[in-house]
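Everything below belongs to model21.txt, which stores compact mmCIF, C-alpha atoms and all ligand atoms.
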# COMPACT_ATOMS: atom_id res chain seq x y z
CA MET F 1480 8.82 24.44 3.20
CA ARG F 1481 5.75 22.37 2.39
CA GLN F 1482 6.29 18.65 1.84
CA LYS F 1483 6.12 17.39 -1.76
CA TYR F 1484 5.50 13.91 -3.18
CA THR F 1485 5.04 12.24 -6.57
CA THR F 1486 2.49 9.70 -7.75
CA ASN F 1487 0.75 8.59 -10.95
CA ALA F 1488 -2.96 9.41 -11.02
CA ILE F 1489 -5.94 9.28 -13.39
CA ASN F 1490 -8.49 12.13 -13.37
CA LEU F 1491 -12.02 11.08 -12.44
CA LYS F 1492 -13.91 14.32 -12.09
CA SER F 1493 -13.29 18.05 -11.72
CA TYR F 1494 -15.08 21.05 -10.28
CA ASP F 1495 -14.49 24.70 -11.12
CA TYR F 1496 -12.91 26.58 -8.27
CA GLY F 1497 -12.87 30.33 -8.72
CA GLU F 1498 -12.06 31.85 -12.08
CA ALA F 1499 -8.91 30.01 -13.02
CA ASP F 1500 -8.65 26.90 -10.84
CA LYS F 1501 -10.16 23.44 -10.62
CA ILE F 1502 -10.48 20.87 -7.88
CA VAL F 1503 -9.79 17.47 -9.41
CA MET F 1504 -10.75 14.09 -8.00
CA MET F 1505 -8.21 11.46 -9.07
CA TYR F 1506 -7.35 7.85 -8.43
CA SER F 1507 -3.66 7.62 -7.59
CA LYS F 1508 -1.35 4.63 -7.65
CA ASP F 1509 0.10 5.36 -4.20
CA LYS F 1510 -2.72 6.95 -2.20
CA GLY F 1511 -5.99 5.77 -3.74
CA LEU F 1512 -8.65 8.49 -4.07
CA ILE F 1513 -7.28 12.03 -3.81
CA ARG F 1514 -8.71 15.51 -4.31
CA CYS F 1515 -6.24 18.17 -5.47
CA LEU F 1516 -6.26 21.85 -6.24
CA ALA F 1517 -5.06 22.45 -9.81
CA LYS F 1518 -4.20 26.15 -9.94
CA GLY F 1519 -4.60 27.86 -13.28
CA SER F 1520 -5.93 24.71 -14.96
CA LYS F 1521 -8.85 26.61 -16.50
CA LYS F 1522 -6.50 29.01 -18.29
CA PRO F 1523 -6.04 27.99 -21.96
CA ASN F 1524 -2.29 28.64 -21.87
CA GLY F 1525 -1.62 27.49 -18.30
CA LYS F 1526 0.99 24.80 -17.65
CA LEU F 1527 -1.74 22.36 -16.51
CA CYS F 1528 -3.96 23.02 -19.53
CA GLY F 1529 -5.41 19.74 -20.89
CA ARG F 1530 -3.74 17.73 -18.17
CA MET F 1531 -6.66 17.90 -15.77
CA ASP F 1532 -9.23 16.60 -18.30
CA MET F 1533 -11.22 13.48 -17.49
CA PHE F 1534 -9.35 10.13 -17.87
CA VAL F 1535 -5.93 11.74 -18.42
CA ALA F 1536 -3.20 9.82 -16.55
CA ASN F 1537 -0.42 12.03 -15.21
CA ASN F 1538 2.76 11.69 -13.29
CA LEU F 1539 2.21 14.36 -10.62
CA LEU F 1540 4.30 16.38 -8.27
CA LEU F 1541 2.00 17.35 -5.41
CA THR F 1542 2.51 19.77 -2.56
CA LYS F 1543 0.87 18.82 0.72
CA GLY F 1544 -1.70 21.28 2.03
CA LYS F 1545 -3.76 21.55 5.19
CA SER F 1546 -7.09 20.55 3.68
CA MET F 1547 -6.04 19.66 0.15
CA ASP F 1548 -2.84 18.98 -1.79
CA THR F 1549 -1.89 21.18 -4.75
CA VAL F 1550 -0.72 20.01 -8.17
CA SER F 1551 2.74 21.56 -8.65
CA GLN F 1552 3.60 19.72 -11.86
CA ALA F 1553 1.82 17.28 -14.17
CA GLU F 1554 3.43 15.25 -16.90
CA ILE F 1555 1.03 13.31 -19.14
CA VAL F 1556 1.56 9.52 -19.03
CA ASN F 1557 -1.39 8.81 -21.34
CA SER F 1558 -4.15 11.17 -22.44
CA PHE F 1559 -6.36 8.34 -23.78
CA PHE F 1560 -7.49 10.84 -26.40
CA ARG F 1561 -9.29 8.21 -28.50
CA ILE F 1562 -11.80 7.76 -25.68
CA ARG F 1563 -12.99 11.33 -26.08
CA GLN F 1564 -13.50 10.84 -29.84
CA ASN F 1565 -16.11 8.09 -29.55
CA THR F 1566 -19.42 8.09 -27.67
CA GLU F 1567 -19.39 4.37 -26.89
CA LYS F 1568 -15.84 4.55 -25.54
CA MET F 1569 -16.87 7.54 -23.44
CA PHE F 1570 -19.86 5.77 -21.89
CA TYR F 1571 -17.96 2.62 -20.89
CA SER F 1572 -15.04 4.69 -19.56
CA ILE F 1573 -17.43 6.86 -17.53
CA TYR F 1574 -18.91 3.66 -16.11
CA CYS F 1575 -15.46 2.35 -15.10
CA ALA F 1576 -14.55 5.73 -13.58
CA GLU F 1577 -17.77 5.73 -11.56
CA THR F 1578 -17.02 2.22 -10.27
CA ILE F 1579 -13.57 3.44 -9.16
CA LYS F 1580 -15.17 6.51 -7.52
CA ASN F 1581 -17.80 4.47 -5.68
CA PHE F 1582 -15.48 1.78 -4.31
CA GLY F 1583 -12.26 3.82 -4.08
CA GLU F 1584 -10.95 4.98 -0.73
CA GLU F 1585 -8.31 7.39 0.46
CA ASN F 1586 -5.04 5.62 1.34
CA ASP F 1587 -6.44 2.41 -0.15
CA GLU F 1588 -4.03 -0.44 0.59
CA ASN F 1589 -4.70 -2.00 -2.85
CA SER F 1590 -4.35 1.32 -4.68
CA ASP F 1591 -1.50 0.15 -6.93
CA VAL F 1592 -3.49 -2.88 -8.17
CA ILE F 1593 -6.69 -0.87 -8.60
CA TYR F 1594 -4.79 1.88 -10.46
CA ASP F 1595 -3.29 -0.70 -12.84
CA ILE F 1596 -6.69 -2.27 -13.58
CA PHE F 1597 -8.20 1.17 -14.23
CA TYR F 1598 -5.25 2.22 -16.42
CA SER F 1599 -5.42 -1.07 -18.38
CA VAL F 1600 -9.15 -0.82 -19.11
CA LEU F 1601 -8.83 2.79 -20.33
CA ASP F 1602 -5.91 1.75 -22.51
CA ARG F 1603 -7.87 -1.19 -24.00
CA ILE F 1604 -11.02 0.89 -24.53
CA SER F 1605 -8.98 3.71 -26.05
CA ASN F 1606 -7.30 1.34 -28.54
CA SER F 1607 -10.40 -0.74 -29.38
CA THR F 1608 -11.59 -0.75 -32.95
CA THR F 1609 -14.96 -2.48 -32.48
CA GLU F 1610 -17.86 -2.23 -30.03
CA VAL F 1611 -17.37 -5.81 -28.85
CA GLU F 1612 -13.72 -5.10 -27.98
CA ILE F 1613 -14.87 -2.17 -25.83
CA ILE F 1614 -17.45 -4.34 -24.03
CA LEU F 1615 -14.95 -7.17 -23.44
CA ALA F 1616 -12.50 -4.67 -21.90
CA ALA F 1617 -15.29 -3.41 -19.64
CA ILE F 1618 -16.22 -6.99 -18.58
CA ARG F 1619 -12.57 -7.79 -17.75
CA PHE F 1620 -12.52 -4.58 -15.69
CA GLN F 1621 -15.69 -5.59 -13.82
CA LEU F 1622 -14.37 -9.06 -13.02
CA LYS F 1623 -10.89 -7.91 -11.99
CA ILE F 1624 -12.03 -5.00 -9.87
CA MET F 1625 -14.50 -7.26 -8.03
CA GLN F 1626 -11.64 -9.68 -7.36
CA VAL F 1627 -9.50 -6.97 -5.68
CA LEU F 1628 -12.44 -5.62 -3.71
CA GLY F 1629 -13.28 -9.05 -2.28
CA TYR F 1630 -16.50 -9.65 -4.25
CA ASN F 1631 -14.98 -12.11 -6.72
CA PRO F 1632 -17.90 -13.93 -8.39
CA GLU F 1633 -17.48 -17.71 -8.14
CA PHE F 1634 -18.10 -19.54 -11.43
CA ASN F 1635 -16.71 -23.03 -10.77
CA VAL F 1636 -18.98 -24.39 -8.08
CA CYS F 1637 -22.47 -23.64 -6.80
CA ASN F 1638 -22.28 -20.98 -4.09
CA VAL F 1639 -24.95 -22.78 -2.02
CA CYS F 1640 -24.15 -26.52 -2.16
CA ARG F 1641 -20.55 -26.28 -3.54
CA GLU F 1642 -21.33 -28.85 -6.31
CA LYS F 1643 -19.41 -28.33 -9.56
CA ILE F 1644 -21.46 -26.33 -12.11
CA GLY F 1645 -19.90 -28.20 -15.05
CA ASP F 1646 -22.10 -28.24 -18.15
CA ASN F 1647 -25.32 -27.42 -16.35
CA TYR F 1648 -27.40 -24.28 -16.63
CA SER F 1649 -27.10 -22.17 -13.49
CA LYS F 1650 -28.38 -18.91 -12.03
CA PHE F 1651 -26.39 -15.80 -11.10
CA SER F 1652 -27.29 -14.84 -7.55
CA PHE F 1653 -26.23 -11.38 -6.34
CA GLU F 1654 -26.87 -12.41 -2.74
CA HIS F 1655 -24.55 -15.42 -3.00
CA GLY F 1656 -21.99 -13.58 -5.14
CA GLY F 1657 -21.89 -16.00 -8.06
CA LEU F 1658 -23.53 -18.99 -9.68
CA ILE F 1659 -25.95 -21.36 -7.96
CA CYS F 1660 -27.86 -24.47 -9.10
CA LEU F 1661 -31.24 -23.81 -10.71
CA ASN F 1662 -33.15 -25.64 -7.95
CA HIS F 1663 -32.01 -23.47 -5.02
CA LYS F 1664 -34.40 -20.85 -3.70
CA THR F 1665 -32.89 -17.55 -2.55
CA SER F 1666 -34.21 -14.17 -1.53
CA ASP F 1667 -32.72 -12.53 -4.62
CA GLU F 1668 -35.40 -10.64 -6.47
CA LYS F 1669 -33.87 -11.39 -9.83
CA LEU F 1670 -32.07 -14.59 -10.75
CA LEU F 1671 -30.42 -14.68 -14.11
CA ARG F 1672 -30.16 -17.99 -15.99
CA ILE F 1673 -26.67 -18.67 -17.25
CA HIS F 1674 -25.79 -21.00 -20.15
CA PRO F 1675 -22.68 -23.16 -19.41
CA LYS F 1676 -20.89 -21.50 -22.36
CA ILE F 1677 -21.48 -18.06 -20.83
CA LYS F 1678 -20.04 -19.34 -17.56
CA ASP F 1679 -16.88 -20.50 -19.41
CA PHE F 1680 -16.70 -17.19 -21.26
CA LEU F 1681 -16.83 -15.16 -18.01
CA LYS F 1682 -14.33 -17.46 -16.30
CA THR F 1683 -11.87 -17.01 -19.18
CA LEU F 1684 -12.18 -13.22 -19.08
CA GLN F 1685 -11.75 -13.29 -15.30
CA GLU F 1686 -8.50 -15.23 -15.61
CA THR F 1687 -6.85 -13.48 -18.58
CA ASP F 1688 -5.16 -10.11 -18.92
CA PHE F 1689 -6.55 -7.15 -20.85
CA ASN F 1690 -4.21 -7.60 -23.79
CA ILE F 1691 -4.53 -11.38 -24.15
CA LEU F 1692 -6.55 -12.43 -27.18
CA THR F 1693 -8.45 -15.63 -26.27
CA ASP F 1694 -10.76 -17.63 -28.56
CA TYR F 1695 -13.65 -15.92 -26.79
CA ASP F 1696 -12.25 -12.52 -27.75
CA LYS F 1697 -12.17 -13.64 -31.37
CA LEU F 1698 -15.65 -15.20 -31.38
CA ALA F 1699 -17.61 -12.94 -29.03
CA ASN F 1700 -20.27 -10.63 -30.39
CA VAL F 1701 -22.29 -7.78 -28.90
CA ARG F 1702 -25.42 -9.96 -28.55
CA VAL F 1703 -23.59 -12.26 -26.10
CA SER F 1704 -21.23 -9.87 -24.38
CA LYS F 1705 -23.64 -6.99 -23.65
CA PRO F 1706 -25.96 -9.12 -21.43
CA CYS F 1707 -22.86 -10.35 -19.55
CA PHE F 1708 -21.77 -6.77 -18.97
CA ASP F 1709 -25.31 -5.98 -17.75
CA ILE F 1710 -25.37 -8.90 -15.27
CA LEU F 1711 -22.04 -7.84 -13.78
CA LYS F 1712 -23.15 -4.20 -13.74
CA GLU F 1713 -26.17 -5.16 -11.65
CA TYR F 1714 -24.02 -7.32 -9.37
CA ILE F 1715 -21.53 -4.47 -8.85
CA GLU F 1716 -24.39 -2.06 -8.08
CA HIS F 1717 -25.71 -4.60 -5.57
CA CYS F 1718 -22.29 -4.63 -3.82
CA SER F 1719 -21.61 -0.88 -4.14
CA PRO F 1720 -21.57 1.32 -1.03
CA LYS F 1721 -22.83 4.23 -3.20
CA LYS F 1722 -25.53 4.61 -5.83
CA PHE F 1723 -24.48 4.64 -9.49
CA LYS F 1724 -25.50 7.66 -11.57
CA SER F 1725 -24.07 6.75 -14.98
CA THR F 1726 -26.23 3.63 -15.23
CA LYS F 1727 -29.23 5.58 -16.51
CA VAL F 1728 -27.11 7.21 -19.20
CA LEU F 1729 -25.70 3.83 -20.23
CA GLU F 1730 -29.14 2.32 -20.49
CA ALA F 1731 -30.24 5.12 -22.78
CA ILE F 1732 -27.76 4.17 -25.52
ZN ZN O 1801 -26.15 -26.03 -5.66
Would you mind writing the file out in structure tokens?
Ligand SMILES: [Zn+2]
Amino acid sequence: MRQKYTTNAINLKSYDYGEADKIVMMYSKDKGLIRCLAKGSKKPNGKLCGRMDMFVANNLLLTKGKSMDTVSQAEIVNSFFRIRQNTEKMFYSIYCAETIKNFGEENDENSDVIYDIFYSVLDRISNSTTEVEIILAAIRFQLKIMQVLGYNPEFNVCNVCREKIGDNYSKFSFEHGGLICLNHKTSDEKLLRIHPKIKDFLKTLQETDFNILTDYDKLANVRVSKPCFDILKEYIEHCSPKKFKSTKVLEAI
């Protein structure tokens, strides 16, 4: 008898395998990145139909295999169907999924925390009613995922001289992993000037949960939040062990 186990997992990507099956890459709460064989998932009336689509979160019963585990049962936890109804929601969700794919590992020791952050951002994006809400969810995701992965950007003090940033303009240095005083020279090719209000905005998003509505959430607009998303996107790409592919698509919108 093959060993079975259960875990919650979110689908990241799938490949066709033969006529009726798919191989699905998922991020699971208990084992980090996993690749599973989903038999019959291409059949329109199969028991896995719709459950192996991108971003769907399932509670799975998996059967251990020699090279790959097989999905024996899948019960939908959240299909995040609103994401698939909106292009903007799709793009930001694809970006978050790619971040998870690029940094995720098999048997990741932080898999439960990473899973929760990923689940929360998809939930927030799915339920957003405005573009700025979607972007703020994505920024919270960027900041929180960097925190777990050990690349937490420092916003309080200069990352070179450790002086408090306070109400001064500063620069975001990818090399130093956060803000630095304007007068420091670094080997970073690009240094982005940060207004003290932007620093406070990012710090607040870093420290608050996805469903908390801060003053910044109420006042933020796309003109301010999009450049913040872009800075963090570049920083994450700088730290990433793999190249991002969705970036080009995101830039095209
Ligand atoms: Zn300094």
Taking 2 positions as the minimum chain separation for residues in the same chain, which residues sit within 9 Å of Asp1509 (chain F) when counting all atoms listed in the file? Answer as a list in words. Thr1485, Thr1486, Asn1487, Ala1488, Tyr1506, Ser1507, Gly1511, Asn1586, Asp1587, Glu1588, Asn1589, Ser1590, Asp1591 and Tyr1594 of chain F
Within 7 Å of ligand ZN 1801 (chain O), which residues show up when you count only C-alpha atoms and all ligand atoms? List them as a count of residues only, please. 9
Tell me, as a list in words, which residues lie within 12 Å of Asp1688 (chain F), counting only C-alpha atoms; anything in the same chain fewer than 4 positions away does not count. Asp1595, Ile1596, Ser1599, Val1600, Arg1603, Leu1615, Ala1616, Ile1618, Arg1619, Phe1620, Leu1622, Lys1623, Thr1683, Leu1684, Leu1692, Thr1693 and Asp1696 of chain F
I'd like the neighbourhood of Ile1579 (chain F) as a PyMOL selection string, where a residue qualifies if any of its atoms comes within 10 Å (using only C-alpha atoms), though same-chain residues fewer than 3 positions away should be ignored. chain F and resi 1491+1505-1506+1511-1512+1573-1576+1582-1584+1593-1594+1596-1597+1624
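In terms of minimum interatomic distance to Leu1527 (chain F), F:Glu1554 ranks closest within F:Glu1554, F:Lys1508, F:Lys1545, F:Arg1561, counting all atoms listed in the file.
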Give me, please, the distance in Å between CA of Pro1675 (chain F) and CA of Phe1634 (chain F), quoted to one decimal. 9.9 Å
Residues within 9 Å of region 1712-1721 of chain F, please, as a list in words. Count only C-alpha atoms; anything in the same chain fewer than 4 positions from it doesn't count.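 Final neighbour list, sorted by chain and number: Thr1578, Asn1581, Phe1582, Ile1618, Gln1621, Met1625, Tyr1630, Phe1651, Ser1652, Phe1653, Glu1654, Gly1656, Cys1707, Phe1708 and Thr1726 of chain F.
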Atomic separation - CA of Gln1564 (chain F) relative to CA of Asn1538 (chain F), Å: 23.2 Å
Take CA of Cys1515 (chain F) and CA of Lys1501 (chain F) and report the distance between them in Å, one decimal.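 Separating CA of Cys1515 (chain F) from CA of Lys1501 (chain F) is a distance of 8.3 Å.
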Please put the answer as JSON: centre and edge lengths, in Å with one decimal, of a box along x, y and z that encloses all listed atoms of region 1522-1536 of chain F plus 6 Å on each side.
{"center_x": -5.1, "center_y": 19.4, "center_z": -18.9, "size_x": 24.2, "size_y": 31.2, "size_z": 18.2}
For Ala1499 (chain F): contacts at 7 Å, all atoms listed in the file, fewer than 3 positions along chain excluded, given as a PDB file with C-alpha atoms, keeping the file's coordinate frame:
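And here is the file that came out, part.pdb:
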ATOM      1  CA  LYS F1518      -4.200  26.150  -9.940  1.00  0.00           C
ATOM      2  CA  GLY F1519      -4.600  27.860 -13.280  1.00  0.00           C
ATOM      3  CA  SER F1520      -5.930  24.710 -14.960  1.00  0.00           C
ATOM      4  CA  LYS F1521      -8.850  26.610 -16.500  1.00  0.00           C
ATOM      5  CA  LYS F1522      -6.500  29.010 -18.290  1.00  0.00           C
TER       6      LYS F1522
END
Let me make sure I understand: among F:Leu1539, F:Ile1562, F:Met1504, F:Val1611, which one has the smallest atom-to-atom distance to Glu1585 (chain F) if we use all atoms listed in the file? F:Met1504
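Residue nearest Glu1633 (chain F), chosen from F:Val1550, F:Leu1670, F:Leu1681, F:Leu1601 and counting only C-alpha atoms: F:Leu1681.
For the residues F:Leu1541, F:Val1556, F:Met1533, F:Ile1614, ranking by smallest atom-to-atom distance to Tyr1571 (chain F) using all atoms listed in the file places F:Ile1614 first.
Comparing the minimum interatomic distances between Val1701 (chain F) and each of F:Phe1570, F:Ile1613, F:Lys1526, F:Ile1489, counting all atoms listed in the file, we find that F:Ile1613 sits nearest.
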